[in-house]
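Comments concern the structure below.
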Amino acid sequence: MENLCCLYLVLVCHSVNTTEKCEYQFISFNCLFLTYRYPKDTKLKLNNLKSKKISSFHEFARSTNDAWDIDDDEEDDDFLGGPALCSSLPSGVHSTFTQKQVDTRFRSTLQKQQSLPIRPIIPLVARISDQNASGAPPMTVREKSRLDKFKQLLASANTDLEELRKHSWSGIPREVRPITWRLLSGYLPANKERRELVLKRKREEYFGFIVQYYHSRTDEHYKDTYRQIHIDIPRTNPLIPLFQQPVVQEVFERILFIWAIRHPASGYVQGINDLVTPFFVVFLSEFVMEDMENFEVAALSLDIQRNIEADSFWCMSKLLDGIQDNYTFAQPGIQNKVKALEELVSRIDEDIHNHFKKYEVEYLQFAFRWMNNLLMRELPLRCTIRLWDTYQAEAEGFSHFHLYVCAAFLIEWRKEILSMVDFQGLLILLQNLPTIHWGNEEVGLLLAEAYRLKYMFADAPSHYKR
């Protein structure tokens with residue numbers, strides 16, 4: 001259901017002057033309510049639609065039984081009679097659903113799922129690793145030379161950050177990725193002698209915030225924020241066992257809650273929860289060599305767990321400092337980026353742009369999530385980590401270069417997009433792009449194309465707009 005709710009939210013937020021947080025909760029409820037109120041025989045016949053853009057999408061959303069992601073992180077059965085539904089609906093609403101109605105809808109859901117094509121389930125053992133999905137040969141001479149160069153830069157008394165960025169753009173070796181990310185994010189100083197002192201001070205400062213603020217999660221003013229975080233955390237990478245461990249979920253809850261109350265201009269916004277995971281995984285990789293997906297974090301010493309948590313908090317905070325307008329009221333940063341993406345695509349591939357116009361597909365309906373989650377819902381986590389190597393090496397990587405990556409990512413699926421000849425097919429494709437087998441090679445090609453687009457358009461505004 002997540003996709004439908006998210007899309008419906010975007011259009012309403014775009015036209016209604018209300019607070020973002022309240023609007024999201026309201027729309028999420030309405031999407032859920034629509035899913036269960038409309039009987040099967042009210043399915044929309046999309047090919048017969050003659051309405052305007054907005055109404056056509058509303059009609060589609062209203063009549064869809066949510067067959068978007070049958071294995072997505074918010075399954076229908078999560079809502080059928082479960083405590084999360086009962087606690088989130090207004091008083092008296094859930095009492096109108098009898099057990100018979102629930103059973104009927106559950107059977108209908110199973111029949112619907114059985115009638116749809118099932119995407120292959122890929123083993124997750126290597127999903128977090130930075131190896132290509134097809135496997136990787138032993139380290140080559142060139143790779144060993146690159147690793148030695150990184151070690152040389154990191155071992156110097158004052159690390160040359162520009163040189164480090166230059167070498168990081170094409171990917172950072174796993175062995176040195178944690179320290180390199182801390183440096184490139186601005187969390188650690190270039191001066192080697194000062195690093196241990198800074199780490200000690202910043203880690204103590206973070207846990208000082210825990211002592212000072214975390215107890216307030218039950219206060220009237222903050223309980224809604226904490227409740228939303230508590231709901232979202234289990235939905236973060238739900239297919240990877242690592243993120244379903246209670247100790248890991250508690251870490252994420254503390255990180256997100258402390259960040260939210262220290263940034264009242266935005267507070268917590270759904271999507272920020274995804275941004276913790278790459279940092280957590282990279283800093284965990286210092287202590288886990290393989291099978292990270294199933295590693296029991298509780299087996300680590302408490303000091304190591306605390307260090308991973310504090311470092312993840314500070315590096316995530318550094319990232320969000322550069323894109324906070326993505327998460328302030330009405331999310332103007334995201335709306336501006338989606339508009340810029342539309343203008344860019346209209347210049348680089350007019351066929352795709354006109355195809356969207358012909359079938360009334362708005363860029364907000366798919367690109368909002370690309371900007372809100374930095375493509376994390378579109379790519380395997382191993383690919384996100386490789387992508388972020390470049391984002392941290394690139395000037396304004398998360399805030400500016402990401403736009404060109406999104407444009408390159410869209411054009412990557414040109415053939416598939418142009419083959420879809422209806423609104424529903426296009427939206428389902430764009431929300432379920434087949435990247436599960438992607439690895440370093442595909443990400444490298446994507447980044448090369450994004451760099452080419454940036455080189456062509458970033459410094460040529462007359463070519464950027466019509």
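For the structure tokens, the naming scheme is as follows: chains receive sequential letters (A, B, ...) according to their order of presentation, residues are indexed from 1 within each chain, and ligands are indexed from 1 in presentation order.
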
Alpha helix (DSSP H) residues, from DSSP on the backbone, in segment 197-374 of chain A, as an MDAnalysis selection string
chainID A and resid 197:213 223:232 246:262 277:284 302:321 332:348 350:358 364:372

If we count only C-alpha atoms and set the cut-off at 8 Å, which residues sit around segment 322-337 of chain A, ignoring sequence neighbours fewer than 3 positions away in its own chain? Please answer as a list in words.
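Selected residues are Cys13, His14, Thr19, Glu20, Ala265, Ser266, Gly267, Val269, Lys318, Leu319, Ala340, Leu341, Leu364, Phe368, Met371, Asn372, Glu396, Phe398, Ser399 and Leu403 of chain A.
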
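For Arg165 of chain A, the residues within 8 Å (counting only C-alpha atoms, excluding itself and residues fewer than 2 positions away along the chain) are Leu161, Glu162, Glu163, His167, Ser168, Trp169, Leu184, Gln392, Ala393 and Glu394 of chain A.
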
So how far away is atom CA of Val345 of chain A from atom CA of Leu418 of chain A, in Å?
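Atom-to-atom, atom CA of Leu418 of chain A to atom CA of Val345 of chain A, that is 14.0 Å.
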
Would you list the contacts of Arg306 of chain A as a PyMOL selection string, taking every protein, DNA or RNA residue within 10 Å and counting only C-alpha atoms, but skipping same-chain residues closer than 5 positions in sequence?
chain A and resi 203-204+206-207+251+300-301+311-312

Please write the residues from the selection above to a file, keeping C-alpha atoms, as an mmCIF file, in the first residue's frame.
```
data_model
loop_
_atom_site.group_PDB
_atom_site.id
_atom_site.type_symbol
_atom_site.label_atom_id
_atom_site.label_comp_id
_atom_site.auth_asym_id
_atom_site.auth_seq_id
_atom_site.Cartn_x
_atom_site.Cartn_y
_atom_site.Cartn_z
ATOM 1 C CA ARG A 203 30.182 10.156 20.700
ATOM 2 C CA GLU A 204 29.860 11.441 24.264
ATOM 3 C CA TYR A 206 25.382 12.136 21.196
ATOM 4 C CA PHE A 207 24.755 9.988 24.258
ATOM 5 C CA VAL A 251 19.238 2.137 17.641
ATOM 6 C CA LEU A 300 29.195 -7.037 19.576
ATOM 7 C CA SER A 301 30.480 -5.348 22.714
ATOM 8 C CA ASP A 311 28.746 7.735 14.151
ATOM 9 C CA SER A 312 25.594 6.888 12.170
#
```

Can you tell me how far atom CA of Phe209 of chain A sits from atom CA of Gln244 of chain A, in Å to one decimal?
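Distance between the two atoms: 24.9 Å.
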
Pick from A:His215, A:Lys144, A:Arg377, A:Lys415: nearest to Pro238 of chain A, with only C-alpha atoms counted?
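Result for the nearest residue to Pro238 of chain A: A:Arg377.
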
For Ile348 of chain A, the nearest of the candidates A:Ala298, A:Ile417, A:Ala408, A:Met289, counting only C-alpha atoms
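Of all the options, A:Ala408 lies closest to Ile348 of chain A.
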
Close residues, segment 442-452 of chain A itself excluded, 8 Å, only C-alpha atoms, min 4 positions apart in chain, as an mmCIF file with all heavy atoms, in the first residue's frame:
```
data_model
loop_
_atom_site.group_PDB
_atom_site.id
_atom_site.type_symbol
_atom_site.label_atom_id
_atom_site.label_comp_id
_atom_site.auth_asym_id
_atom_site.auth_seq_id
_atom_site.Cartn_x
_atom_site.Cartn_y
_atom_site.Cartn_z
ATOM 1 N N SER A 170 34.999 7.099 -8.029
ATOM 2 C CA SER A 170 34.752 5.853 -8.749
ATOM 3 C C SER A 170 34.604 4.658 -7.821
ATOM 4 O O SER A 170 34.675 3.512 -8.255
ATOM 5 C CB SER A 170 35.880 5.590 -9.751
ATOM 6 O OG SER A 170 37.137 5.584 -9.093
ATOM 7 N N CYS A 383 23.918 -1.200 -3.863
ATOM 8 C CA CYS A 383 24.051 -0.171 -4.900
ATOM 9 C C CYS A 383 23.966 1.227 -4.294
ATOM 10 O O CYS A 383 24.656 2.150 -4.741
ATOM 11 C CB CYS A 383 22.973 -0.361 -5.965
ATOM 12 S SG CYS A 383 23.133 -1.881 -6.912
ATOM 13 N N ARG A 386 27.360 2.083 -2.867
ATOM 14 C CA ARG A 386 28.288 2.476 -3.940
ATOM 15 C C ARG A 386 27.933 3.860 -4.483
ATOM 16 O O ARG A 386 28.824 4.684 -4.741
ATOM 17 C CB ARG A 386 28.245 1.414 -5.061
ATOM 18 C CG ARG A 386 28.924 1.831 -6.362
ATOM 19 C CD ARG A 386 30.420 2.108 -6.181
ATOM 20 N NE ARG A 386 30.967 2.760 -7.363
ATOM 21 C CZ ARG A 386 31.045 4.072 -7.519
ATOM 22 N NH1 ARG A 386 30.613 4.896 -6.558
ATOM 23 N NH2 ARG A 386 31.552 4.588 -8.619
ATOM 24 N N LEU A 387 26.652 4.133 -4.632
ATOM 25 C CA LEU A 387 26.202 5.439 -5.117
ATOM 26 C C LEU A 387 26.637 6.545 -4.165
ATOM 27 O O LEU A 387 27.101 7.612 -4.595
ATOM 28 C CB LEU A 387 24.675 5.418 -5.256
ATOM 29 C CG LEU A 387 23.989 6.583 -5.958
ATOM 30 C CD1 LEU A 387 24.346 6.605 -7.445
ATOM 31 C CD2 LEU A 387 22.473 6.487 -5.783
ATOM 32 N N PHE A 401 23.800 16.775 -7.539
ATOM 33 C CA PHE A 401 24.162 15.716 -8.486
ATOM 34 C C PHE A 401 23.088 14.633 -8.547
ATOM 35 O O PHE A 401 22.904 13.982 -9.586
ATOM 36 C CB PHE A 401 25.516 15.119 -8.098
ATOM 37 C CG PHE A 401 26.052 14.131 -9.093
ATOM 38 C CD1 PHE A 401 26.338 14.506 -10.395
ATOM 39 C CD2 PHE A 401 26.276 12.807 -8.724
ATOM 40 C CE1 PHE A 401 26.836 13.591 -11.319
ATOM 41 C CE2 PHE A 401 26.785 11.888 -9.628
ATOM 42 C CZ PHE A 401 27.052 12.283 -10.930
ATOM 43 N N TYR A 404 20.757 14.665 -11.563
ATOM 44 C CA TYR A 404 21.250 14.099 -12.829
ATOM 45 C C TYR A 404 21.285 12.573 -12.774
ATOM 46 O O TYR A 404 21.089 11.911 -13.794
ATOM 47 C CB TYR A 404 22.627 14.685 -13.144
ATOM 48 C CG TYR A 404 22.549 16.182 -13.323
ATOM 49 C CD1 TYR A 404 22.847 17.044 -12.267
ATOM 50 C CD2 TYR A 404 22.115 16.736 -14.524
ATOM 51 C CE1 TYR A 404 22.734 18.419 -12.413
ATOM 52 C CE2 TYR A 404 22.007 18.108 -14.675
ATOM 53 C CZ TYR A 404 22.308 18.945 -13.617
ATOM 54 O OH TYR A 404 22.183 20.304 -13.756
ATOM 55 N N VAL A 405 21.505 12.032 -11.576
ATOM 56 C CA VAL A 405 21.426 10.581 -11.416
ATOM 57 C C VAL A 405 19.990 10.109 -11.665
ATOM 58 O O VAL A 405 19.765 9.097 -12.341
ATOM 59 C CB VAL A 405 21.907 10.156 -10.014
ATOM 60 C CG1 VAL A 405 21.633 8.670 -9.768
ATOM 61 C CG2 VAL A 405 23.391 10.447 -9.850
ATOM 62 N N CYS A 406 19.019 10.849 -11.149
ATOM 63 C CA CYS A 406 17.615 10.487 -11.376
ATOM 64 C C CYS A 406 17.255 10.562 -12.863
ATOM 65 O O CYS A 406 16.526 9.699 -13.380
ATOM 66 C CB CYS A 406 16.693 11.399 -10.571
ATOM 67 S SG CYS A 406 16.704 11.062 -8.791
ATOM 68 N N ALA A 407 17.753 11.578 -13.539
ATOM 69 C CA ALA A 407 17.487 11.699 -14.977
ATOM 70 C C ALA A 407 18.106 10.533 -15.736
ATOM 71 O O ALA A 407 17.459 9.915 -16.598
ATOM 72 C CB ALA A 407 18.032 13.027 -15.498
ATOM 73 N N ALA A 408 19.347 10.189 -15.405
ATOM 74 C CA ALA A 408 20.009 9.060 -16.059
ATOM 75 C C ALA A 408 19.291 7.752 -15.740
ATOM 76 O O ALA A 408 19.164 6.869 -16.593
ATOM 77 C CB ALA A 408 21.471 8.986 -15.607
ATOM 78 N N PHE A 409 18.807 7.638 -14.509
ATOM 79 C CA PHE A 409 18.091 6.433 -14.082
ATOM 80 C C PHE A 409 16.788 6.284 -14.870
ATOM 81 O O PHE A 409 16.430 5.178 -15.298
ATOM 82 C CB PHE A 409 17.804 6.532 -12.586
ATOM 83 C CG PHE A 409 17.194 5.294 -11.981
ATOM 84 C CD1 PHE A 409 17.903 4.107 -11.936
ATOM 85 C CD2 PHE A 409 15.911 5.322 -11.453
ATOM 86 C CE1 PHE A 409 17.349 2.957 -11.369
ATOM 87 C CE2 PHE A 409 15.353 4.190 -10.891
ATOM 88 C CZ PHE A 409 16.071 3.004 -10.842
ATOM 89 N N GLU A 412 17.489 5.230 -18.420
ATOM 90 C CA GLU A 412 17.941 3.832 -18.461
ATOM 91 C C GLU A 412 16.807 2.880 -18.845
ATOM 92 O O GLU A 412 17.022 1.862 -19.489
ATOM 93 C CB GLU A 412 18.504 3.453 -17.079
ATOM 94 C CG GLU A 412 18.819 1.978 -16.877
ATOM 95 C CD GLU A 412 20.024 1.512 -17.674
ATOM 96 O OE1 GLU A 412 20.843 2.366 -18.062
ATOM 97 O OE2 GLU A 412 20.134 0.289 -17.904
ATOM 98 N N TRP A 438 21.231 -5.552 -9.900
ATOM 99 C CA TRP A 438 22.255 -4.541 -10.164
ATOM 100 C C TRP A 438 23.434 -4.688 -9.203
ATOM 101 O O TRP A 438 23.283 -5.120 -8.058
ATOM 102 C CB TRP A 438 21.653 -3.145 -10.022
ATOM 103 C CG TRP A 438 20.989 -2.641 -11.267
ATOM 104 C CD1 TRP A 438 20.335 -3.383 -12.204
ATOM 105 C CD2 TRP A 438 20.908 -1.288 -11.696
ATOM 106 N NE1 TRP A 438 19.846 -2.571 -13.188
ATOM 107 C CE2 TRP A 438 20.181 -1.279 -12.911
ATOM 108 C CE3 TRP A 438 21.359 -0.077 -11.189
ATOM 109 C CZ2 TRP A 438 19.918 -0.100 -13.605
ATOM 110 C CZ3 TRP A 438 21.091 1.091 -11.876
ATOM 111 C CH2 TRP A 438 20.375 1.069 -13.080
ATOM 112 N N MET A 456 26.827 18.687 -19.411
ATOM 113 C CA MET A 456 26.119 19.317 -20.526
ATOM 114 C C MET A 456 25.161 20.405 -20.077
ATOM 115 O O MET A 456 25.018 21.433 -20.743
ATOM 116 C CB MET A 456 25.333 18.269 -21.320
ATOM 117 C CG MET A 456 26.192 17.299 -22.110
ATOM 118 S SD MET A 456 25.184 16.023 -22.903
ATOM 119 C CE MET A 456 24.155 17.039 -23.978
#
```

Have a look at A:Lys151, A:Lys192, A:Met420, A:Ile240 and name the one nearest to Asp291 of chain A; count only C-alpha atoms.
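Using only C-alpha atoms, the shortest distance to Asp291 of chain A belongs to A:Ile240.
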
Can you tell me which residues surround Glu378 of chain A at a distance of at most 7 Å, considering only C-alpha atoms, apart from same-chain residues fewer than 2 positions away, and format the answer as an mmCIF file with all heavy atoms, in the first residue's frame?
```
data_model
loop_
_atom_site.group_PDB
_atom_site.id
_atom_site.type_symbol
_atom_site.label_atom_id
_atom_site.label_comp_id
_atom_site.auth_asym_id
_atom_site.auth_seq_id
_atom_site.Cartn_x
_atom_site.Cartn_y
_atom_site.Cartn_z
ATOM 1 N N LEU A 375 16.557 7.500 -3.993
ATOM 2 C CA LEU A 375 16.566 6.271 -4.804
ATOM 3 C C LEU A 375 16.789 5.000 -3.978
ATOM 4 O O LEU A 375 17.005 3.931 -4.546
ATOM 5 C CB LEU A 375 17.624 6.338 -5.916
ATOM 6 C CG LEU A 375 17.311 7.258 -7.102
ATOM 7 C CD1 LEU A 375 18.485 7.275 -8.069
ATOM 8 C CD2 LEU A 375 16.036 6.815 -7.834
ATOM 9 N N MET A 376 16.702 5.090 -2.667
ATOM 10 C CA MET A 376 16.955 3.910 -1.846
ATOM 11 C C MET A 376 15.882 2.849 -2.005
ATOM 12 O O MET A 376 16.155 1.654 -1.789
ATOM 13 C CB MET A 376 17.092 4.307 -0.375
ATOM 14 C CG MET A 376 18.393 5.010 -0.069
ATOM 15 S SD MET A 376 18.710 5.110 1.702
ATOM 16 C CE MET A 376 18.823 3.390 2.138
ATOM 17 N N LEU A 433 10.870 -0.805 -10.752
ATOM 18 C CA LEU A 433 11.905 -0.993 -11.767
ATOM 19 C C LEU A 433 12.825 -2.161 -11.372
ATOM 20 O O LEU A 433 13.236 -2.273 -10.212
ATOM 21 C CB LEU A 433 12.709 0.300 -11.930
ATOM 22 C CG LEU A 433 11.897 1.444 -12.558
ATOM 23 C CD1 LEU A 433 12.611 2.768 -12.390
ATOM 24 C CD2 LEU A 433 11.605 1.170 -14.024
#
```

Which distance in Å separates atom CA of Asn354 of chain A and atom CA of Gln431 of chain A, to one decimal?
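The value is 19.2 Å.
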